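K.L.:
My questions all concern the structure below.
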Amino acid sequence: MKVLFMGTPDFALESLQAIYEAGFDICGVYTQPDKPAKRGMKLTASPVKLYALEKGLPVFQPAKLRNEPEVLEEFKALGADIAVAVAYGKLIPEDMLESVPMGFINIHGSLLPKYRGSAPIQWTVLNGEELGGVTSMYLAPEMDAGDIIDMVSTPVGEYETYGELYDRLKVIGAELLVKTLKSIENGTATRTPQDPALVSYAPPLHREDCPIDWTRPARRVIDHICGLAPKPAATAQFGEETFKIYAAVMGCETDLPAGKIVEQTKHGLAVACGDGKSIVITELQAPGGKRMKTADYLRGHKISN
RNA sequence: CGCGGGGUAGAGCAGUUCGGUAGCUCGUCGGGCUCAUAACCCGGAGGUCAUGUGGUUCAAAUCCCAUCCCCGCAA
C-alpha cells in the first residue's frame, strides 16, 4: 500500500515519522512552500520537509492545489493508494480527494464533530473542556466534515496549556494514524458520519482574542491563559506595559474589583477576577523581555495598576 | 539587507543621556534573634560590565566601529 503524506508543522512531523517508522511505503510528501519567517525574514523550510529530505522521500511544495492541472497530474503520477493530510495548511480540492483509490484521510486535533476548524486544541482548552482528543476521518470537500474512522480521547489537566496538550495530541495522533492506516489496509476500518447537531467550530485566534477580560470568573480567566499559551499568549495591561501571561493558578477570595492587583508575593502576582476570586500569575513576559517566572520579574521591576 | 528592544554577580534589574570608586532587589555562605519561620538584624563570598587584549581618551559599563547571541513585532 503506497501512502502519500501531506503536512507542514511539527504536529504533522510526528505523524510522518510514525508511519515511516511503522514501515509504510511513502511515495511522496507534500508540504507548504518555504516561506520567509522570523527575524531577518529568512526562508524557512517546514519540519516535515526537513525530515522528508533527511529520509530521502520525494518532496513537493506546490503553492496552489485548486485548478492547477499540472499539480494534479504530478499528484496522480505518484500512484498513491491512500493519502494522509495532517495539518497541511491548505484545503484539498475535490478532484484531488477523488483521485486516491483507498481514500484521503486526516488526523484532526479534537473529538469531532466538536471543534471543526484550524484551532481545535486551543478551543478545547479555552472552553475548559475536561476531554480533548484526536480523530481520524475521511476527508470531505467541506472542512473537517468527513466520516469518522476512529478517535482517541484524553483528559485535559487542570492547568494544562494549549502547548502541552498539543504536544501530547501530536503523539496520540501519530499513533492513531498508524492504527487507522492498518485498519484500512486489512479492511476493518469503519466510517461513521458526523452528527450535524453536535457540530461546533474552532476558528483561528487573533490578536484581539488575547487581552484578558478580568470581569470573567477566575477559572475562566485561567482557561483563557492556558488556551493561548505559549502562542499567541494571553495579555494583560498593568500601568503602561502590556504583558504576555503564560501561566497562572487559582488564588484566594478578594473584595477588590476585577483587574486590580491584590498582592505581589514570591509566588507571583495576584489579580482580582469577576467572581470575587483572584488568580496568581506565575509566569509572564514584559515587552522586549524574555519569558520568566513572575517572582524573577518582580526582583527587578515594580508592577502596579 | 523588513521594523524595534536587549546582553552588567547564580536570578531579575539600575547605572549609559552628560566618560571619573561596580550598585539595587533576591539567592547563596557564616553568625545573631526567636518556641518557631519563607520574618528580622549583622557580616562574607561571588563581575574579563556579550565578544574583539578593536578605536578615541589621562581615564570607557558609558562615546565610535565590527562581530556573536537573545527577545518582541511583522509574515
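Starting from 1 in every chain, residues are counted up; chains themselves are A, B, ... following the order of the C-alpha cells, and ligands are numbered from 1 as listed.
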Which polymer residues have any atom within 12 Å of an atom of Lys302 (chain A), counting only C-alpha atoms (C1' of nucleotides), with same-chain residues fewer than 5 positions away left out, as a list in words?

P.N.:
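That gives Phe238, Gly239, Glu240, Glu241, Ile261, Glu263, Gln264, Thr265, Leu269, Ala286, Thr294, Ala295, Asp296 and Tyr297 of chain A; G12, C13 and U25 of chain B.
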
K.L.:
Could you give me, as JSON, numbers by chain, the residues within 9 Å of Leu165 (chain A), counting only C-alpha atoms (C1' of nucleotides) and dropping anything in the same chain fewer than 2 positions from it?

P.N.:
{"A": [121, 122, 125, 132, 156, 157, 160, 161, 162, 163, 167, 168, 169, 170]}

K.L.:
From a backbone DSSP assignment, name each residue in region 228-303 of chain A labelled strand (DSSP E), as a PyMOL selection string.

P.N.:
chain A and resi 234-238+241-253+261-264+269-272+277-285+291-293

K.L.:
Would you tabulate, counting only C-alpha atoms (C1' of nucleotides), all residues of chain A that have an atom at most 9 Å from an atom of chain B, showing the closest pair of atoms and their distance in Å to one decimal, sorted by chain then ascending number, as JSON lines?

P.N.:
```
{"residue": "A:Lys35", "atom": "CA", "partner": "B:A75", "partner_atom": "C1'", "distance": 8.4}
{"residue": "A:Pro36", "atom": "CA", "partner": "B:A75", "partner_atom": "C1'", "distance": 7.0}
{"residue": "A:Ala37", "atom": "CA", "partner": "B:A75", "partner_atom": "C1'", "distance": 6.0}
{"residue": "A:Lys38", "atom": "CA", "partner": "B:A75", "partner_atom": "C1'", "distance": 7.6}
{"residue": "A:Arg39", "atom": "CA", "partner": "B:G2", "partner_atom": "C1'", "distance": 8.6}
{"residue": "A:Gly40", "atom": "CA", "partner": "B:G2", "partner_atom": "C1'", "distance": 7.0}
{"residue": "A:Met41", "atom": "CA", "partner": "B:G2", "partner_atom": "C1'", "distance": 7.1}
{"residue": "A:Lys266", "atom": "CA", "partner": "B:A38", "partner_atom": "C1'", "distance": 8.9}
{"residue": "A:Pro287", "atom": "CA", "partner": "B:G72", "partner_atom": "C1'", "distance": 6.5}
{"residue": "A:Gly288", "atom": "CA", "partner": "B:G5", "partner_atom": "C1'", "distance": 4.9}
{"residue": "A:Gly289", "atom": "CA", "partner": "B:C71", "partner_atom": "C1'", "distance": 5.6}
{"residue": "A:Lys290", "atom": "CA", "partner": "B:C71", "partner_atom": "C1'", "distance": 5.7}
{"residue": "A:Arg291", "atom": "CA", "partner": "B:C71", "partner_atom": "C1'", "distance": 8.7}
{"residue": "A:Ala295", "atom": "CA", "partner": "B:G12", "partner_atom": "C1'", "distance": 8.4}
{"residue": "A:Asp296", "atom": "CA", "partner": "B:G12", "partner_atom": "C1'", "distance": 5.0}
{"residue": "A:Tyr297", "atom": "CA", "partner": "B:G12", "partner_atom": "C1'", "distance": 5.4}
{"residue": "A:Leu298", "atom": "CA", "partner": "B:G12", "partner_atom": "C1'", "distance": 7.0}
{"residue": "A:Arg299", "atom": "CA", "partner": "B:G12", "partner_atom": "C1'", "distance": 4.9}
{"residue": "A:Gly300", "atom": "CA", "partner": "B:C13", "partner_atom": "C1'", "distance": 4.1}
{"residue": "A:His301", "atom": "CA", "partner": "B:C13", "partner_atom": "C1'", "distance": 6.8}
```

K.L.:
Store the residues picked out above, limited to N, CA, C and O atoms, as a PDB file, in the first residue's frame.

P.N.:
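See out13.pdb below for the written result:
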```pdb
ATOM      1  N   LYS A  35       8.917  29.577   3.369  1.00  0.00           N
ATOM      2  CA  LYS A  35       8.462  30.959   3.456  1.00  0.00           C
ATOM      3  C   LYS A  35       9.440  31.782   4.267  1.00  0.00           C
ATOM      4  O   LYS A  35      10.079  31.271   5.178  1.00  0.00           O
ATOM      5  N   PRO A  36       9.499  33.082   3.942  1.00  0.00           N
ATOM      6  CA  PRO A  36      10.308  33.956   4.789  1.00  0.00           C
ATOM      7  C   PRO A  36       9.659  33.981   6.171  1.00  0.00           C
ATOM      8  O   PRO A  36       8.457  34.153   6.276  1.00  0.00           O
ATOM      9  N   ALA A  37      10.459  33.791   7.183  1.00  0.00           N
ATOM     10  CA  ALA A  37       9.880  33.775   8.517  1.00  0.00           C
ATOM     11  C   ALA A  37      10.881  34.280   9.530  1.00  0.00           C
ATOM     12  O   ALA A  37      12.083  34.312   9.295  1.00  0.00           O
ATOM     13  N   LYS A  38      10.379  34.672  10.650  1.00  0.00           N
ATOM     14  CA  LYS A  38      11.190  35.082  11.790  1.00  0.00           C
ATOM     15  C   LYS A  38      12.036  36.325  11.496  1.00  0.00           C
ATOM     16  O   LYS A  38      11.915  36.953  10.461  1.00  0.00           O
ATOM     17  N   ARG A  39      12.899  36.586  12.452  1.00  0.00           N
ATOM     18  CA  ARG A  39      13.771  37.758  12.361  1.00  0.00           C
ATOM     19  C   ARG A  39      14.643  37.663  11.123  1.00  0.00           C
ATOM     20  O   ARG A  39      15.199  36.618  10.835  1.00  0.00           O
ATOM     21  N   GLY A  40      14.750  38.729  10.386  1.00  0.00           N
ATOM     22  CA  GLY A  40      15.587  38.685   9.205  1.00  0.00           C
ATOM     23  C   GLY A  40      14.868  38.118   8.002  1.00  0.00           C
ATOM     24  O   GLY A  40      15.388  38.121   6.904  1.00  0.00           O
ATOM     25  N   MET A  41      13.640  37.613   8.224  1.00  0.00           N
ATOM     26  CA  MET A  41      12.822  37.072   7.136  1.00  0.00           C
ATOM     27  C   MET A  41      13.571  36.033   6.312  1.00  0.00           C
ATOM     28  O   MET A  41      13.498  36.022   5.090  1.00  0.00           O
ATOM     29  N   LYS A 266       6.267  36.146  46.532  1.00  0.00           N
ATOM     30  CA  LYS A 266       7.336  35.417  45.869  1.00  0.00           C
ATOM     31  C   LYS A 266       6.764  34.341  44.956  1.00  0.00           C
ATOM     32  O   LYS A 266       7.455  33.769  44.143  1.00  0.00           O
ATOM     33  N   PRO A 287       7.239  43.592  27.583  1.00  0.00           N
ATOM     34  CA  PRO A 287       7.603  43.972  26.212  1.00  0.00           C
ATOM     35  C   PRO A 287       9.129  43.974  26.034  1.00  0.00           C
ATOM     36  O   PRO A 287       9.837  44.545  26.856  1.00  0.00           O
ATOM     37  N   GLY A 288       9.606  43.330  25.009  1.00  0.00           N
ATOM     38  CA  GLY A 288      11.043  43.310  24.740  1.00  0.00           C
ATOM     39  C   GLY A 288      11.831  42.375  25.626  1.00  0.00           C
ATOM     40  O   GLY A 288      13.022  42.181  25.421  1.00  0.00           O
ATOM     41  N   GLY A 289      11.178  41.798  26.621  1.00  0.00           N
ATOM     42  CA  GLY A 289      11.893  40.947  27.558  1.00  0.00           C
ATOM     43  C   GLY A 289      11.690  39.485  27.280  1.00  0.00           C
ATOM     44  O   GLY A 289      11.040  39.110  26.315  1.00  0.00           O
ATOM     45  N   LYS A 290      12.296  38.686  28.135  1.00  0.00           N
ATOM     46  CA  LYS A 290      12.137  37.252  27.995  1.00  0.00           C
ATOM     47  C   LYS A 290      10.970  36.777  28.842  1.00  0.00           C
ATOM     48  O   LYS A 290      10.555  37.441  29.772  1.00  0.00           O
ATOM     49  N   ARG A 291      10.530  35.582  28.521  1.00  0.00           N
ATOM     50  CA  ARG A 291       9.522  34.940  29.336  1.00  0.00           C
ATOM     51  C   ARG A 291      10.186  34.494  30.632  1.00  0.00           C
ATOM     52  O   ARG A 291      11.272  33.918  30.603  1.00  0.00           O
ATOM     53  N   ALA A 295       8.036  35.842  39.868  1.00  0.00           N
ATOM     54  CA  ALA A 295       8.899  36.152  41.008  1.00  0.00           C
ATOM     55  C   ALA A 295      10.226  36.748  40.540  1.00  0.00           C
ATOM     56  O   ALA A 295      10.726  37.714  41.124  1.00  0.00           O
ATOM     57  N   ASP A 296      10.793  36.202  39.481  1.00  0.00           N
ATOM     58  CA  ASP A 296      12.048  36.731  38.943  1.00  0.00           C
ATOM     59  C   ASP A 296      11.847  38.154  38.425  1.00  0.00           C
ATOM     60  O   ASP A 296      12.652  39.043  38.676  1.00  0.00           O
ATOM     61  N   TYR A 297      10.755  38.338  37.710  1.00  0.00           N
ATOM     62  CA  TYR A 297      10.490  39.653  37.146  1.00  0.00           C
ATOM     63  C   TYR A 297      10.379  40.706  38.245  1.00  0.00           C
ATOM     64  O   TYR A 297      10.918  41.812  38.129  1.00  0.00           O
ATOM     65  N   LEU A 298       9.711  40.340  39.326  1.00  0.00           N
ATOM     66  CA  LEU A 298       9.465  41.308  40.396  1.00  0.00           C
ATOM     67  C   LEU A 298      10.734  41.685  41.157  1.00  0.00           C
ATOM     68  O   LEU A 298      10.756  42.687  41.864  1.00  0.00           O
ATOM     69  N   ARG A 299      11.803  40.901  41.033  1.00  0.00           N
ATOM     70  CA  ARG A 299      13.058  41.270  41.694  1.00  0.00           C
ATOM     71  C   ARG A 299      13.640  42.537  41.097  1.00  0.00           C
ATOM     72  O   ARG A 299      14.324  43.287  41.782  1.00  0.00           O
ATOM     73  N   GLY A 300      13.392  42.734  39.834  1.00  0.00           N
ATOM     74  CA  GLY A 300      13.998  43.898  39.187  1.00  0.00           C
ATOM     75  C   GLY A 300      13.000  44.950  38.731  1.00  0.00           C
ATOM     76  O   GLY A 300      13.385  45.995  38.239  1.00  0.00           O
ATOM     77  N   HIS A 301      11.712  44.676  38.891  1.00  0.00           N
ATOM     78  CA  HIS A 301      10.697  45.623  38.412  1.00  0.00           C
ATOM     79  C   HIS A 301       9.585  45.774  39.438  1.00  0.00           C
ATOM     80  O   HIS A 301       9.415  44.950  40.317  1.00  0.00           O
TER      81      HIS A 301
END
```

K.L.:
Find the spatial neighbours of Ile107 (chain A), counting only C-alpha atoms (C1' of nucleotides), within a cut-off of 10 Å - ignore same-chain residues fewer than 4 positions away - and output them as a PyMOL selection string.

P.N.:
chain A and resi 12+15+84-87+134-139+144+150-151+170+173-174+176-177+180

K.L.:
Report the distance between CA of Ile245 (chain A) and CA of Gly133 (chain A) in Å, rounded to one decimal place.

P.N.:
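Between CA of Ile245 (chain A) and CA of Gly133 (chain A) the gap works out to 25.3 Å.
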
K.L.:
Report, in Å with one decimal, the straight-line distance from CA of Val3 (chain A) to CA of Gly56 (chain A).

P.N.:
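Distance reported for this atom pair: 15.0 Å.
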
K.L.:
Could you pull the residues within 7 Å of region 58-69 of chain B, counting only C-alpha atoms (C1' of nucleotides), minus those fewer than 4 positions along the same chain, as a list in words?

P.N.:
U8, U16, G19, G20, C49 and U51 of chain B

K.L.:
Limited to C-alpha atoms (C1' of nucleotides), could you put the picked residues into a file as a PDB file, in the first residue's frame?

P.N.:
```pdb
ATOM      1  C1'   U B   8      26.239  44.391  33.940  1.00  0.00           C
ATOM      2  C1'   U B  16      24.988  54.585  29.540  1.00  0.00           C
ATOM      3  C1'   G B  19      33.053  59.098  30.386  1.00  0.00           C
ATOM      4  C1'   G B  20      35.782  59.607  36.639  1.00  0.00           C
ATOM      5  C1'   C B  49      30.078  45.087  32.523  1.00  0.00           C
ATOM      6  C1'   U B  51      32.953  39.341  22.131  1.00  0.00           C
TER       7        U B  51
END
```

K.L.:
Quick one, how far is CA of Leu4 (chain A) from CA of Glu185 (chain A)?

P.N.:
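Separation between CA of Leu4 (chain A) and CA of Glu185 (chain A): 14.2 Å.
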
K.L.:
Assign secondary structure with DSSP using the backbone only, and return the residues of region 179-211 of chain A in helix (DSSP H, G or I) as a list in words.

P.N.:
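Residues of region 179-211 of chain A classed as helix (DSSP H, G or I): Lys179, Thr180, Leu181, Lys182, Ser183, Ile184, Glu185, Pro196, Ala197, Leu198, Arg207, Glu208 and Asp209 of chain A.
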
K.L.:
Could you write those residues out with N, CA, C and O atoms, as a PDB file, in the first residue's frame?

P.N.:
```
ATOM      1  N   LYS A 179      -2.587   3.254  13.455  1.00  0.00           N
ATOM      2  CA  LYS A 179      -3.655   2.289  13.719  1.00  0.00           C
ATOM      3  C   LYS A 179      -4.731   2.364  12.632  1.00  0.00           C
ATOM      4  O   LYS A 179      -5.210   1.341  12.133  1.00  0.00           O
ATOM      5  N   THR A 180      -5.066   3.599  12.258  1.00  0.00           N
ATOM      6  CA  THR A 180      -6.103   3.795  11.244  1.00  0.00           C
ATOM      7  C   THR A 180      -5.663   3.252   9.885  1.00  0.00           C
ATOM      8  O   THR A 180      -6.426   2.571   9.196  1.00  0.00           O
ATOM      9  N   LEU A 181      -4.424   3.514   9.524  1.00  0.00           N
ATOM     10  CA  LEU A 181      -3.919   3.021   8.241  1.00  0.00           C
ATOM     11  C   LEU A 181      -3.937   1.499   8.202  1.00  0.00           C
ATOM     12  O   LEU A 181      -4.301   0.890   7.194  1.00  0.00           O
ATOM     13  N   LYS A 182      -3.559   0.906   9.329  1.00  0.00           N
ATOM     14  CA  LYS A 182      -3.555  -0.562   9.373  1.00  0.00           C
ATOM     15  C   LYS A 182      -4.971  -1.119   9.249  1.00  0.00           C
ATOM     16  O   LYS A 182      -5.188  -2.128   8.576  1.00  0.00           O
ATOM     17  N   SER A 183      -5.911  -0.427   9.904  1.00  0.00           N
ATOM     18  CA  SER A 183      -7.287  -0.927   9.851  1.00  0.00           C
ATOM     19  C   SER A 183      -7.862  -0.788   8.440  1.00  0.00           C
ATOM     20  O   SER A 183      -8.673  -1.605   8.007  1.00  0.00           O
ATOM     21  N   ILE A 184      -7.436   0.222   7.733  1.00  0.00           N
ATOM     22  CA  ILE A 184      -7.900   0.383   6.350  1.00  0.00           C
ATOM     23  C   ILE A 184      -7.260  -0.689   5.469  1.00  0.00           C
ATOM     24  O   ILE A 184      -7.903  -1.312   4.632  1.00  0.00           O
ATOM     25  N   GLU A 185      -5.989  -0.935   5.734  1.00  0.00           N
ATOM     26  CA  GLU A 185      -5.254  -1.915   4.946  1.00  0.00           C
ATOM     27  C   GLU A 185      -5.876  -3.302   5.078  1.00  0.00           C
ATOM     28  O   GLU A 185      -5.996  -4.038   4.105  1.00  0.00           O
ATOM     29  N   PRO A 196     -24.734  16.156  12.652  1.00  0.00           N
ATOM     30  CA  PRO A 196     -24.785  17.606  12.374  1.00  0.00           C
ATOM     31  C   PRO A 196     -25.218  18.413  13.592  1.00  0.00           C
ATOM     32  O   PRO A 196     -24.828  19.582  13.751  1.00  0.00           O
ATOM     33  N   ALA A 197     -25.979  17.815  14.478  1.00  0.00           N
ATOM     34  CA  ALA A 197     -26.490  18.547  15.637  1.00  0.00           C
ATOM     35  C   ALA A 197     -25.376  18.881  16.623  1.00  0.00           C
ATOM     36  O   ALA A 197     -25.506  19.792  17.438  1.00  0.00           O
ATOM     37  N   LEU A 198     -24.280  18.149  16.579  1.00  0.00           N
ATOM     38  CA  LEU A 198     -23.210  18.331  17.572  1.00  0.00           C
ATOM     39  C   LEU A 198     -22.037  19.147  17.048  1.00  0.00           C
ATOM     40  O   LEU A 198     -21.040  19.339  17.736  1.00  0.00           O
ATOM     41  N   ARG A 207      -5.162  38.525  17.386  1.00  0.00           N
ATOM     42  CA  ARG A 207      -4.633  39.414  18.409  1.00  0.00           C
ATOM     43  C   ARG A 207      -5.718  39.919  19.360  1.00  0.00           C
ATOM     44  O   ARG A 207      -5.506  40.031  20.559  1.00  0.00           O
ATOM     45  N   GLU A 208      -6.869  40.206  18.814  1.00  0.00           N
ATOM     46  CA  GLU A 208      -7.922  40.780  19.655  1.00  0.00           C
ATOM     47  C   GLU A 208      -8.520  39.749  20.620  1.00  0.00           C
ATOM     48  O   GLU A 208      -9.273  40.097  21.514  1.00  0.00           O
ATOM     49  N   ASP A 209      -8.168  38.473  20.449  1.00  0.00           N
ATOM     50  CA  ASP A 209      -8.636  37.451  21.377  1.00  0.00           C
ATOM     51  C   ASP A 209      -7.715  37.327  22.585  1.00  0.00           C
ATOM     52  O   ASP A 209      -8.011  36.590  23.522  1.00  0.00           O
TER      53      ASP A 209
END
```

K.L.:
Might you pull out every residue within 12 Å of region 91-99 of chain A, with only C-alpha atoms (C1' of nucleotides) counted and same-chain residues fewer than 2 positions away left off, and present them as a PyMOL selection string?

P.N.:
chain A and resi 4+6-7+30+32+62+64-89+101-106+117-118+138-144+146
